[in-house]
file data.tsv (TSV, C-alpha atoms)
chain	number	residue	atom	x	y	z
A	1	MET	CA	104.98	33.18	79.64
A	2	SER	CA	105.68	35.29	82.69
A	3	GLU	CA	103.25	36.17	85.43
A	4	ILE	CA	101.29	39.36	85.07
A	5	SER	CA	102.19	41.68	87.92
A	6	ARG	CA	99.49	43.04	90.17
A	7	GLU	CA	100.67	46.56	89.37
A	8	ARG	CA	99.93	46.05	85.72
A	9	LEU	CA	96.50	44.64	86.44
A	10	MET	CA	95.74	47.54	88.72
A	11	ALA	CA	96.95	50.06	86.19
A	12	HIS	CA	94.82	48.41	83.58
A	13	ALA	CA	91.73	48.42	85.75
A	14	ASP	CA	92.35	52.06	86.59
A	15	GLY	CA	92.67	52.95	82.93
A	16	GLN	CA	96.26	54.09	83.29
A	17	LEU	CA	97.73	52.05	80.43
A	18	SER	CA	98.37	53.29	76.95
A	19	LEU	CA	96.63	51.60	74.07
A	20	PRO	CA	99.57	49.35	73.04
A	21	GLU	CA	100.14	48.35	76.65
A	22	ARG	CA	96.48	47.54	77.02
A	23	GLU	CA	96.42	45.39	73.92
A	24	ARG	CA	99.47	43.49	75.04
A	25	LEU	CA	97.98	42.86	78.47
A	26	GLU	CA	94.66	41.68	77.05
A	27	ALA	CA	96.53	39.17	74.92
A	28	GLU	CA	98.45	37.88	77.94
A	29	LEU	CA	95.29	37.66	80.02
A	30	ALA	CA	93.87	35.06	77.67
A	31	GLU	CA	96.55	32.72	78.89
A	32	HIS	CA	96.32	33.67	82.56
A	33	PRO	CA	92.84	32.93	83.87
A	34	ASP	CA	93.94	33.71	87.45
A	35	ALA	CA	94.99	37.20	86.46
A	36	ALA	CA	91.81	37.64	84.45
A	37	GLY	CA	89.79	36.70	87.54
A	38	GLU	CA	91.71	39.17	89.64
A	39	LEU	CA	91.11	41.88	87.08
A	40	THR	CA	87.39	41.18	87.17
A	41	GLN	CA	87.45	41.49	90.90
A	42	LEU	CA	89.39	44.75	90.76
A	43	ARG	CA	86.87	46.17	88.33
A	44	ARG	CA	84.05	45.03	90.54
A	45	GLN	CA	85.59	46.82	93.47
A	46	ILE	CA	86.03	49.98	91.42
A	47	ASP	CA	82.43	49.78	90.26
A	48	ALA	CA	81.24	49.30	93.80
A	49	ILE	CA	83.08	52.37	95.00
A	50	ARG	CA	81.72	54.45	92.12
A	51	THR	CA	78.24	53.17	92.74
A	52	LEU	CA	78.55	54.06	96.38
A	53	TYR	CA	79.34	57.71	95.76
A	54	GLY	CA	78.03	58.18	92.25
A	55	PRO	CA	74.73	59.71	93.33
A	56	VAL	CA	76.58	62.70	94.82
A	57	LEU	CA	77.27	63.82	91.27
A	58	THR	CA	73.60	64.11	90.45
A	59	GLU	CA	72.64	65.90	93.66
A	60	PRO	CA	71.86	69.57	93.17
A	61	VAL	CA	74.78	71.67	94.35
A	62	PRO	CA	73.86	73.64	97.46
A	63	GLU	CA	73.60	77.36	96.98
A	64	ARG	CA	76.43	78.06	99.37
A	65	LEU	CA	78.85	76.30	97.05
A	66	ASP	CA	77.97	78.48	94.09
A	67	ILE	CA	81.21	79.86	92.70
A	68	ASP	CA	79.83	83.28	91.83
A	69	ARG	CA	78.30	83.62	95.22
A	70	LEU	CA	81.54	82.64	96.92
A	71	SER	CA	83.48	85.12	94.81
A	72	ALA	CA	81.02	87.88	95.60
A	73	ARG	CA	81.16	87.09	99.28
A	74	ARG	CA	84.91	87.17	99.23
A	75	THR	CA	84.90	90.56	97.54
A	76	ALA	CA	82.44	91.87	100.10
A	77	ARG	CA	84.48	90.43	102.93
A	78	ARG	CA	87.58	91.98	101.52
A	79	GLN	CA	85.94	95.38	101.34
A	80	ARG	CA	84.74	94.92	104.89
A	81	PHE	CA	88.26	93.98	105.89
A	82	TRP	CA	89.70	97.11	104.36
A	83	SER	CA	87.10	99.38	105.87
A	84	MET	CA	87.69	97.80	109.25
A	85	ALA	CA	91.43	98.14	108.79
A	86	ALA	CA	90.94	101.82	107.96
A	87	ALA	CA	88.78	102.26	111.04
A	88	ALA	CA	91.39	100.54	113.18
A	89	ILE	CA	94.10	102.81	111.85
A	90	ILE	CA	91.99	105.89	112.56
A	91	VAL	CA	91.24	104.72	116.09
A	92	LEU	CA	94.89	103.96	116.64
A	93	GLY	CA	95.83	107.39	115.31
A	94	VAL	CA	93.36	109.15	117.59
A	95	GLY	CA	94.68	107.11	120.51
A	96	ILE	CA	98.27	108.01	119.81
A	97	GLY	CA	97.36	111.66	119.27
A	98	THR	CA	95.42	111.85	122.51
A	99	GLY	CA	98.20	110.11	124.37
A	100	TRP	CA	100.69	112.56	122.94
A	101	MET	CA	98.60	115.53	123.95
A	102	LEU	CA	97.98	114.13	127.40
A	103	ARG	CA	101.58	113.13	127.97
A	104	ALA	CA	102.26	116.06	130.29
A	105	SER	CA	99.29	115.38	132.54
A	106	LEU	CA	99.90	111.66	132.46
A	107	ALA	CA	103.43	112.23	133.71
A	108	GLY	CA	101.91	113.59	136.92
A	109	PRO	CA	102.15	117.11	138.31
A	110	THR	CA	105.54	118.75	138.30
A	111	ALA	CA	107.10	120.10	141.49
A	112	ALA	CA	106.06	123.60	140.46
A	113	GLU	CA	102.48	122.49	139.93
A	114	ARG	CA	102.40	120.89	143.37
A	115	LEU	CA	103.71	124.11	144.93
A	116	ILE	CA	101.08	126.14	143.08
A	117	ALA	CA	98.39	123.74	144.29
A	118	SER	CA	99.60	124.09	147.90
A	119	ALA	CA	99.72	127.87	147.57
A	120	VAL	CA	96.22	128.06	146.18
A	121	SER	CA	94.74	125.81	148.86
A	122	ALA	CA	96.49	127.84	151.58
A	123	HIS	CA	95.12	131.00	150.00
A	124	THR	CA	91.62	129.56	149.86
A	125	VAL	CA	91.71	128.48	153.51
A	126	TYR	CA	93.20	131.59	155.13
A	127	ALA	CA	92.03	134.41	152.89
A	128	GLY	CA	88.52	133.53	153.95
A	129	GLU	CA	89.34	133.98	157.67
A	130	ASN	CA	88.50	137.30	159.30
A	131	ARG	CA	89.97	137.18	162.79
A	132	HIS	CA	92.55	134.50	162.24
A	133	ALA	CA	93.69	135.29	158.75
A	134	VAL	CA	97.27	135.68	159.91
A	135	GLU	CA	99.38	134.26	162.70
A	136	VAL	CA	101.57	137.30	163.21
A	137	PRO	CA	100.04	140.65	162.31
A	138	GLY	CA	101.77	143.02	159.93
A	139	SER	CA	102.20	145.55	162.75
A	140	ASP	CA	104.93	143.34	164.15
A	141	SER	CA	106.85	143.19	160.89
A	142	ALA	CA	110.32	143.13	162.42
A	143	HIS	CA	109.53	140.01	164.40
A	144	LEU	CA	107.75	138.44	161.44
A	145	THR	CA	110.70	139.00	159.13
A	146	SER	CA	113.28	137.45	161.45
A	147	TRP	CA	111.00	134.60	162.42
A	148	LEU	CA	110.08	133.57	158.88
A	149	SER	CA	113.63	134.13	157.61
A	150	SER	CA	115.03	131.79	160.25
A	151	ARG	CA	112.32	129.17	159.70
A	152	LEU	CA	112.79	129.17	155.95
A	153	ASP	CA	116.53	129.44	156.33
A	154	THR	CA	116.41	132.25	153.79
A	155	GLN	CA	116.78	135.98	154.17
A	156	LEU	CA	113.27	137.23	153.56
A	157	ALA	CA	111.99	140.76	153.12
A	158	LEU	CA	108.33	141.80	153.34
A	159	PRO	CA	107.35	143.43	150.07
A	160	ASP	CA	105.53	146.71	150.29
A	161	LEU	CA	102.61	146.65	147.87
A	162	SER	CA	100.98	149.94	148.86
A	163	ALA	CA	101.50	151.12	145.30
A	164	TRP	CA	98.77	148.64	144.40
A	165	ASP	CA	96.53	149.77	147.25
A	166	LEU	CA	97.37	146.57	149.06
A	167	THR	CA	97.77	146.67	152.85
A	168	PHE	CA	100.01	144.16	154.53
A	169	LEU	CA	97.99	142.07	156.99
A	170	GLY	CA	100.67	139.75	158.30
A	171	GLY	CA	101.94	136.25	157.78
A	172	ARG	CA	102.06	132.70	159.01
A	173	LEU	CA	104.21	129.62	158.82
A	174	LEU	CA	102.77	126.64	156.93
A	175	PRO	CA	103.81	123.06	156.41
A	176	ALA	CA	104.94	122.52	152.84
A	177	PRO	CA	105.82	118.92	152.08
A	178	ASP	CA	106.98	119.83	148.58
A	179	SER	CA	109.51	122.42	149.62
A	180	PRO	CA	113.08	121.59	150.74
A	181	GLY	CA	112.71	122.68	154.38
A	182	GLY	CA	109.17	121.39	154.65
A	183	ARG	CA	107.99	124.88	155.47
A	184	ALA	CA	106.44	127.77	153.64
A	185	ALA	CA	105.63	131.33	154.60
A	186	GLN	CA	102.35	132.88	153.67
A	187	LEU	CA	102.13	136.66	153.53
A	188	MET	CA	98.73	138.22	153.20
A	189	TYR	CA	97.64	141.56	151.74
A	190	GLU	CA	94.24	143.15	151.48
A	191	ASP	CA	92.94	145.75	149.03
A	192	ARG	CA	90.32	148.40	149.67
A	193	ASP	CA	87.53	146.12	148.56
A	194	GLY	CA	88.55	143.51	151.09
A	195	GLU	CA	89.93	141.18	148.46
A	196	ARG	CA	93.02	139.41	149.61
A	197	LEU	CA	96.29	138.53	147.94
A	198	THR	CA	98.73	135.99	149.34
A	199	LEU	CA	102.36	135.27	148.71
A	200	TYR	CA	103.42	131.69	149.32
A	201	VAL	CA	107.15	131.62	149.74
A	202	THR	CA	109.45	128.62	150.05
A	203	PRO	CA	113.20	128.16	149.75
A	204	ALA	CA	114.25	127.27	146.22
A	205	GLY	CA	114.26	123.56	145.58
A	206	ALA	CA	114.97	121.01	142.97
A	207	PRO	CA	112.77	122.36	140.18
A	208	GLY	CA	115.16	125.25	139.64
A	209	PRO	CA	114.16	128.57	138.11
A	210	GLY	CA	110.77	128.69	136.53
A	211	TYR	CA	107.73	130.74	135.84
A	212	GLN	CA	104.15	129.61	135.54
A	213	LEU	CA	100.80	131.28	135.40
A	214	ALA	CA	97.69	129.36	136.31
A	215	SER	CA	94.09	130.40	136.40
A	216	LEU	CA	91.91	128.56	138.91
A	217	GLY	CA	88.32	129.64	139.06
A	218	LEU	CA	88.28	133.28	140.08
A	219	ASP	CA	91.84	133.18	141.34
A	220	THR	CA	94.99	133.68	139.37
A	221	ALA	CA	98.17	132.05	140.60
A	222	LEU	CA	101.60	133.12	139.42
A	223	TYR	CA	104.55	130.97	140.33
A	224	TRP	CA	108.06	132.15	140.05
A	225	ALA	CA	111.32	130.58	141.19
A	226	ASP	CA	114.93	131.66	141.18
A	227	ASP	CA	117.84	129.88	142.78
A	228	VAL	CA	117.07	131.36	146.22
A	229	LEU	CA	113.35	130.95	146.69
A	230	THR	CA	110.02	130.29	145.07
A	231	CYS	CA	107.01	132.50	145.38
A	232	THR	CA	103.46	131.90	144.33
A	233	ILE	CA	101.15	134.89	144.20
A	234	THR	CA	97.49	134.06	144.48
A	235	ALA	CA	94.80	136.68	144.12
A	236	PRO	CA	91.29	137.06	142.70
A	237	TYR	CA	92.63	139.38	140.01
A	238	ALA	CA	93.02	139.17	136.28
A	239	ALA	CA	96.26	137.71	135.02
A	240	ASP	CA	97.60	141.09	133.80
A	241	ARG	CA	97.21	142.70	137.17
A	242	VAL	CA	98.80	139.75	138.98
A	243	ARG	CA	101.71	139.85	136.57
A	244	ALA	CA	102.22	143.55	137.18
A	245	ILE	CA	102.09	143.10	140.96
A	246	ALA	CA	104.51	140.20	140.64
A	247	ARG	CA	107.15	142.46	139.15
A	248	SER	CA	107.29	144.63	142.24
A	249	VAL	CA	107.06	141.61	144.56
A	250	PHE	CA	110.06	139.93	143.00
A	251	GLY	CA	112.12	143.05	143.31
A	252	GLN	CA	111.49	143.36	147.03
A	253	LEU	CA	111.03	139.84	148.31
A	254	SER	CA	114.58	138.68	148.62
A	255	PRO	CA	117.36	141.22	148.86
A	256	ARG	CA	119.60	138.75	147.10
A	257	ALA	CA	117.16	137.80	144.43
A	258	PRO	CA	118.03	139.12	141.00
A	259	LEU	CA	115.55	141.46	139.48
A	260	TYR	CA	113.10	139.41	137.55
A	261	SER	CA	110.67	140.83	135.11
A	262	PRO	CA	108.26	138.41	133.61
A	263	SER	CA	107.14	139.69	130.30
B	1	MET	CA	82.63	70.77	91.48
B	2	PRO	CA	80.28	67.81	91.78
B	3	ALA	CA	83.39	65.64	91.65
B	4	LEU	CA	84.89	67.66	94.48
B	5	ARG	CA	81.77	67.11	96.49
B	6	ARG	CA	81.86	63.41	95.76
B	7	TYR	CA	85.46	63.13	96.86
B	8	ALA	CA	84.79	65.13	100.01
B	9	ARG	CA	81.74	63.03	100.77
B	10	ALA	CA	83.71	59.83	100.36
B	11	LEU	CA	86.44	61.17	102.64
B	12	THR	CA	84.16	62.33	105.40
B	13	HIS	CA	80.96	60.32	105.03
B	14	ASP	CA	79.18	63.38	106.30
B	15	ILE	CA	77.27	65.62	103.93
B	16	ASP	CA	77.68	68.79	105.96
B	17	ARG	CA	81.31	68.34	106.77
B	18	ALA	CA	81.93	67.41	103.16
B	19	ASP	CA	80.26	70.54	101.84
B	20	ASP	CA	82.10	72.63	104.43
B	21	LEU	CA	85.31	71.23	103.07
B	22	VAL	CA	84.29	71.97	99.50
B	23	GLN	CA	83.30	75.49	100.43
B	24	ASP	CA	86.62	76.10	102.19
B	25	CYS	CA	88.40	74.59	99.26
B	26	LEU	CA	86.63	76.81	96.74
B	27	GLU	CA	87.12	79.92	98.85
B	28	ARG	CA	90.78	79.17	99.13
B	29	ALA	CA	91.02	78.49	95.45
B	30	ILE	CA	89.31	81.79	94.64
B	31	ALA	CA	91.58	83.61	97.05
B	32	ARG	CA	94.72	82.16	95.57
B	33	ARG	CA	93.60	82.36	92.01
B	34	GLY	CA	96.55	83.46	89.97
B	35	LEU	CA	98.73	83.89	93.02
B	36	PHE	CA	99.80	80.52	94.24
B	37	ARG	CA	98.23	78.41	91.63
B	38	PRO	CA	100.76	76.04	90.20
B	39	GLN	CA	100.93	75.68	86.50
B	40	GLY	CA	98.76	73.04	85.00
B	41	PRO	CA	95.15	72.04	85.08
B	42	VAL	CA	92.81	73.22	87.81
B	43	ARG	CA	91.33	69.89	88.75
B	44	PRO	CA	94.31	68.23	90.46
B	45	TRP	CA	95.04	71.53	92.16
B	46	LEU	CA	91.56	71.64	93.67
B	47	PHE	CA	91.89	68.06	94.82
B	48	THR	CA	95.19	68.97	96.46
B	49	ILE	CA	93.60	71.80	98.40
B	50	LEU	CA	90.69	69.64	99.46
B	51	THR	CA	92.94	66.80	100.58
B	52	ASN	CA	95.02	69.15	102.70
B	53	LEU	CA	91.97	70.80	104.20
B	54	HIS	CA	90.57	67.44	105.12
B	55	ARG	CA	93.82	66.41	106.78
B	56	ASN	CA	93.87	69.67	108.71
B	57	SER	CA	90.32	69.23	109.87
B	58	LEU	CA	91.08	65.73	111.09
B	59	ARG	CA	94.11	67.01	112.94
B	60	GLN	CA	92.08	69.73	114.56
B	61	ALA	CA	89.37	67.29	115.52
B	62	ARG	CA	91.96	65.07	117.14
B	63	ARG	CA	93.47	67.97	118.99
B	64	ARG	CA	90.07	68.97	120.28
B	65	GLY	CA	89.53	65.42	121.30
B	66	ALA	CA	86.31	65.32	119.33
B	67	MET	CA	85.30	62.00	117.91
B	68	VAL	CA	85.21	61.89	114.19
B	69	GLN	CA	81.96	60.20	113.47
B	70	LEU	CA	82.36	57.32	111.17
B	71	ASP	CA	79.77	54.74	111.91
B	72	ALA	CA	77.12	56.98	113.34
B	73	VAL	CA	76.47	58.82	110.12
B	74	PRO	CA	73.93	57.46	107.75
B	75	GLU	CA	75.42	55.72	104.82
B	76	PRO	CA	76.01	58.21	102.10
B	77	ALA	CA	74.50	58.39	98.70
B	78	MET	CA	72.12	55.62	99.33
B	79	GLU	CA	68.89	55.43	97.55
B	80	ALA	CA	66.00	53.30	98.69
B	81	PRO	CA	67.02	49.92	100.02
B	82	GLN	CA	67.89	47.61	97.25
B	83	PRO	CA	69.55	44.24	96.95
B	84	GLY	CA	73.00	45.79	96.81
B	85	HIS	CA	72.37	47.91	99.83
B	86	LEU	CA	73.98	45.71	102.42
B	87	ALA	CA	77.09	45.13	100.38
B	88	LEU	CA	77.50	48.84	99.73
B	89	ALA	CA	77.04	49.67	103.39
B	90	GLU	CA	79.78	47.21	104.22
B	91	LEU	CA	81.98	48.74	101.57
B	92	ALA	CA	81.44	52.21	103.00
B	93	ARG	CA	82.43	51.00	106.44
B	94	ALA	CA	85.46	49.21	105.06
B	95	LEU	CA	86.54	52.38	103.24
B	96	ASP	CA	86.23	54.35	106.44
B	97	ALA	CA	88.31	51.81	108.27
B	98	LEU	CA	91.19	52.30	105.85
B	99	PRO	CA	94.17	54.36	106.93
B	100	LEU	CA	93.76	57.88	105.60
B	101	ASP	CA	96.67	57.72	103.16
B	102	GLN	CA	95.31	54.57	101.56
B	103	LYS	CA	91.81	55.96	101.45
B	104	GLU	CA	92.97	59.16	99.76
B	105	ALA	CA	94.92	57.24	97.17
B	106	LEU	CA	92.11	54.85	96.43
B	107	LEU	CA	89.46	57.54	96.16
B	108	LEU	CA	91.51	59.80	93.93
B	109	VAL	CA	92.29	57.04	91.50
B	110	THR	CA	89.20	54.90	91.62
B	111	LEU	CA	86.45	57.34	92.30
B	112	GLU	CA	87.79	60.44	90.59
B	113	GLY	CA	89.71	58.67	87.86
B	114	LEU	CA	92.87	60.70	88.29
B	115	SER	CA	96.04	59.42	86.72
B	116	TYR	CA	98.59	57.81	89.00
B	117	HIS	CA	100.88	60.67	88.22
B	118	ASP	CA	98.38	63.34	89.31
B	119	ALA	CA	97.29	61.43	92.37
B	120	ALA	CA	100.89	60.97	93.50
B	121	ALA	CA	101.49	64.69	93.02
B	122	ILE	CA	98.37	65.58	95.00
B	123	LEU	CA	99.42	63.38	97.90
B	124	HIS	CA	103.04	64.48	97.66
B	125	VAL	CA	104.34	60.94	97.42
B	126	PRO	CA	106.41	59.11	94.80
B	127	LEU	CA	104.60	57.00	92.25
B	128	GLY	CA	105.75	53.77	93.90
B	129	THR	CA	104.33	54.79	97.26
B	130	LEU	CA	101.01	55.60	95.63
B	131	MET	CA	100.94	52.20	93.97
B	132	SER	CA	101.67	50.37	97.17
B	133	ARG	CA	98.99	52.33	99.02
B	134	LEU	CA	96.51	51.46	96.30
B	135	GLY	CA	97.50	47.80	96.49
B	136	ARG	CA	97.12	47.65	100.26
B	137	ALA	CA	93.80	49.48	100.18
B	138	ARG	CA	92.43	47.10	97.62
B	139	ALA	CA	93.63	44.07	99.48
B	140	ALA	CA	91.90	45.36	102.60
B	141	LEU	CA	88.64	45.90	100.74
B	142	ARG	CA	88.81	42.54	99.12
B	143	SER	CA	87.36	40.90	102.17
B	144	VAL	CA	84.29	43.07	101.72
B	145	THR	CA	83.82	43.20	98.00
B	146	GLY	CA	84.58	39.54	97.91
B	147	THR	CA	86.16	37.17	95.49
B	148	PRO	CA	84.61	36.61	92.10
B	149	ALA	CA	82.96	33.53	93.51
B	150	GLU	CA	80.93	35.52	95.97
B	151	PRO	CA	77.68	36.52	94.42
B	152	HIS	CA	76.36	39.36	96.52
B	153	LEU	CA	77.94	42.21	94.64
B	154	ARG	CA	76.50	41.13	91.35
B	155	THR	CA	73.32	42.83	92.39
B	156	VAL	CA	75.08	46.16	92.35
B	157	LYS	CA	74.66	48.21	89.15
call {"tool": "encode", "arguments": {"input": "data.tsv", "output": "structure tokens"}}
result
Amino acid sequence: MSEISRERLMAHADGQLSLPERERLEAELAEHPDAAGELTQLRRQIDAIRTLYGPVLTEPVPERLDIDRLSARRTARRQRFWSMAAAAIIVLGVGIGTGWMLRASLAGPTAAERLIASAVSAHTVYAGENRHAVEVPGSDSAHLTSWLSSRLDTQLALPDLSAWDLTFLGGRLLPAPDSPGGRAAQLMYEDRDGERLTLYVTPAGAPGPGYQLASLGLDTALYWADDVLTCTITAPYAADRVRAIARSVFGQLSPRAPLYSPS
Amino acid sequence: MPALRRYARALTHDIDRADDLVQDCLERAIARRGLFRPQGPVRPWLFTILTNLHRNSLRQARRRGAMVQLDAVPEPAMEAPQPGHLALAELARALDALPLDQKEALLLVTLEGLSYHDAAAILHVPLGTLMSRLGRARAALRSVTGTPAEPHLRTVK
């Protein structure tokens, strides 16, 4: 009779054998006391292990392991996930929308906007001056014209705005870091109420032709550029009036400038 | 479910970690219900999930450098001291000292009564590998549970 393999004993102890196999093994065991002893020992070991952990089976299952509760929690968590996902998408959408709307301002001011800003600050500074509002008075217009024309390297005319009850006061030369020659001419006019209008003129630069109307506090600024020069009109008037004045300014300012009529 | 808890407890020897594992296992099972569930009975599938979770948690613990408490935990499932107490405590320690693959094999077959076929599938090993793991695990425990001549385990039961 052959030896009984350990695998068979183990399978028997673990209850893995079919009934015929079991019966055959039992019969063989009668003639192999060693194997029978080993089987007993295997069973003892199995019993010991089951005894060791058997009590876990009789312990009450903690509430947190309740299947229904876990399912419910999962459902709730899933709903929370979806609502949070929805919120995230909305926030993202608002962010993108805001970014899109702000894209112009985020890109920084354009050259035209910087010129307008310079014109308005020059207007604010000098229109408030009484005795030193201008550098060269309007009475000396011949000198003023040649001086500013040579400094700006552009043939400049002094517009006559008497049709708008505006008296020419004079002009000055200003630094203008944003203009090609680094210089700008400011021409100042005054109406009967003492309100002042300034023209801020620079040689045309990189931005090319353009037109822009800006309202800053009480002042309205109208920027206009052709391929010869740029001019920003700043005055404490309503936009309509500034636009109307602008039409006559553009016609007179530069003899070479094409007639421009902003609508 | 109690069987899951028992298996987890035997793997970890720590009631809280064991129940954490069971909870993770159940949550995962609920989440995958019908999706990834292989064909066949639920029980081996649950044991598969639990086994993998336990391996992952051990890996993470190692990566964190945290000590996995083995000896410090109170012996599990012990009732009031009894004659068999000492022998069982030794057995628990011997089980813990087993390499994980042997321990998993032994617990699945011996404690949970799974067929060799199912246990091998759960551990992703061929039948022969499972058998040899079982054999080695049992040989290692033999020194604790003793030969038939040694009397001390007779008090168990």
call {"tool": "atom_distance", "arguments": {"input": "data.tsv", "atom1": "CA of Ala137 (chain B)", "atom2": "CA of Gln102 (chain B)"}}
result
5.5 Å
call {"tool": "interface_residues", "arguments": {"input": "data.tsv", "of": "chain A", "to": "chain B", "cutoff": "12 Å", "atoms": "only C-alpha atoms", "output": "MDAnalysis selection string"}}
result
chainID A and resid 5:18 34:75 77:78
call {"tool": "residues_around", "arguments": {"input": "data.tsv", "residues": "Glu129 (chain A)", "least_positions_apart": "5", "cutoff": "12 Å", "atoms": "only C-alpha atoms", "output": "number ranges by chain"}}
result
A: 122-124, 134-135, 169, 188, 194-196
call {"tool": "atom_distance", "arguments": {"input": "data.tsv", "atom1": "CA of Leu173 (chain A)", "atom2": "CA of Trp224 (chain A)"}}
result
19.3 Å
call {"tool": "atom_distance", "arguments": {"input": "data.tsv", "atom1": "CA of Pro236 (chain A)", "atom2": "CA of Arg183 (chain A)"}}
result
24.3 Å
call {"tool": "residues_around", "arguments": {"input": "data.tsv", "residues": "region 108-113 of chain A", "least_positions_apart": "6", "cutoff": "9 Å", "atoms": "only C-alpha atoms", "output": "PDB file with C-alpha atoms, in the frame of the given file"}}
result
ATOM      1  CA  ASP A 178     106.980 119.830 148.580  1.00  0.00           C
ATOM      2  CA  SER A 179     109.510 122.420 149.620  1.00  0.00           C
ATOM      3  CA  GLY A 205     114.260 123.560 145.580  1.00  0.00           C
ATOM      4  CA  ALA A 206     114.970 121.010 142.970  1.00  0.00           C
ATOM      5  CA  PRO A 207     112.770 122.360 140.180  1.00  0.00           C
ATOM      6  CA  GLY A 210     110.770 128.690 136.530  1.00  0.00           C
ATOM      7  CA  TYR A 211     107.730 130.740 135.840  1.00  0.00           C
ATOM      8  CA  GLN A 212     104.150 129.610 135.540  1.00  0.00           C
ATOM      9  CA  TYR A 223     104.550 130.970 140.330  1.00  0.00           C
ATOM     10  CA  TRP A 224     108.060 132.150 140.050  1.00  0.00           C
ATOM     11  CA  ALA A 225     111.320 130.580 141.190  1.00  0.00           C
TER      12      ALA A 225
END
call {"tool": "decode", "arguments": {"input": "data.tsv", "residues": "region 42-54 of chain B", "atoms": "N, CA and C atoms", "output": "mmCIF file, in the first residue's frame"}}
result
data_model
loop_
_atom_site.group_PDB
_atom_site.id
_atom_site.type_symbol
_atom_site.label_atom_id
_atom_site.label_comp_id
_atom_site.auth_asym_id
_atom_site.auth_seq_id
_atom_site.Cartn_x
_atom_site.Cartn_y
_atom_site.Cartn_z
ATOM 1 N N VAL B 42 -21.342 35.716 -4.469
ATOM 2 C CA VAL B 42 -20.869 36.977 -3.900
ATOM 3 C C VAL B 42 -19.726 36.755 -2.918
ATOM 4 N N ARG B 43 -19.810 35.659 -2.181
ATOM 5 C CA ARG B 43 -18.898 35.470 -1.060
ATOM 6 C C ARG B 43 -17.411 35.512 -1.448
ATOM 7 N N PRO B 44 -16.982 34.704 -2.413
ATOM 8 C CA PRO B 44 -15.563 34.773 -2.781
ATOM 9 C C PRO B 44 -15.170 36.149 -3.288
ATOM 10 N N TRP B 45 -16.130 36.798 -3.954
ATOM 11 C CA TRP B 45 -15.865 38.135 -4.493
ATOM 12 C C TRP B 45 -15.564 39.117 -3.358
ATOM 13 N N LEU B 46 -16.375 39.038 -2.312
ATOM 14 C CA LEU B 46 -16.152 39.917 -1.159
ATOM 15 C C LEU B 46 -14.799 39.626 -0.510
ATOM 16 N N PHE B 47 -14.485 38.349 -0.404
ATOM 17 C CA PHE B 47 -13.189 38.008 0.187
ATOM 18 C C PHE B 47 -12.038 38.522 -0.684
ATOM 19 N N THR B 48 -12.249 38.519 -1.985
ATOM 20 C CA THR B 48 -11.211 39.056 -2.878
ATOM 21 C C THR B 48 -10.980 40.538 -2.590
ATOM 22 N N ILE B 49 -12.086 41.270 -2.521
ATOM 23 C CA ILE B 49 -11.961 42.713 -2.269
ATOM 24 C C ILE B 49 -11.252 42.955 -0.945
ATOM 25 N N LEU B 50 -11.684 42.215 0.066
ATOM 26 C CA LEU B 50 -11.108 42.432 1.395
ATOM 27 C C LEU B 50 -9.610 42.109 1.402
ATOM 28 N N THR B 51 -9.258 41.015 0.758
ATOM 29 C CA THR B 51 -7.838 40.635 0.704
ATOM 30 C C THR B 51 -7.003 41.732 0.042
ATOM 31 N N ASN B 52 -7.524 42.254 -1.059
ATOM 32 C CA ASN B 52 -6.776 43.303 -1.762
ATOM 33 C C ASN B 52 -6.673 44.571 -0.938
ATOM 34 N N LEU B 53 -7.788 44.915 -0.276
ATOM 35 C CA LEU B 53 -7.763 46.117 0.565
ATOM 36 C C LEU B 53 -6.736 45.972 1.674
ATOM 37 N N HIS B 54 -6.705 44.786 2.247
ATOM 38 C CA HIS B 54 -5.755 44.567 3.332
ATOM 39 C C HIS B 54 -4.325 44.692 2.834
#
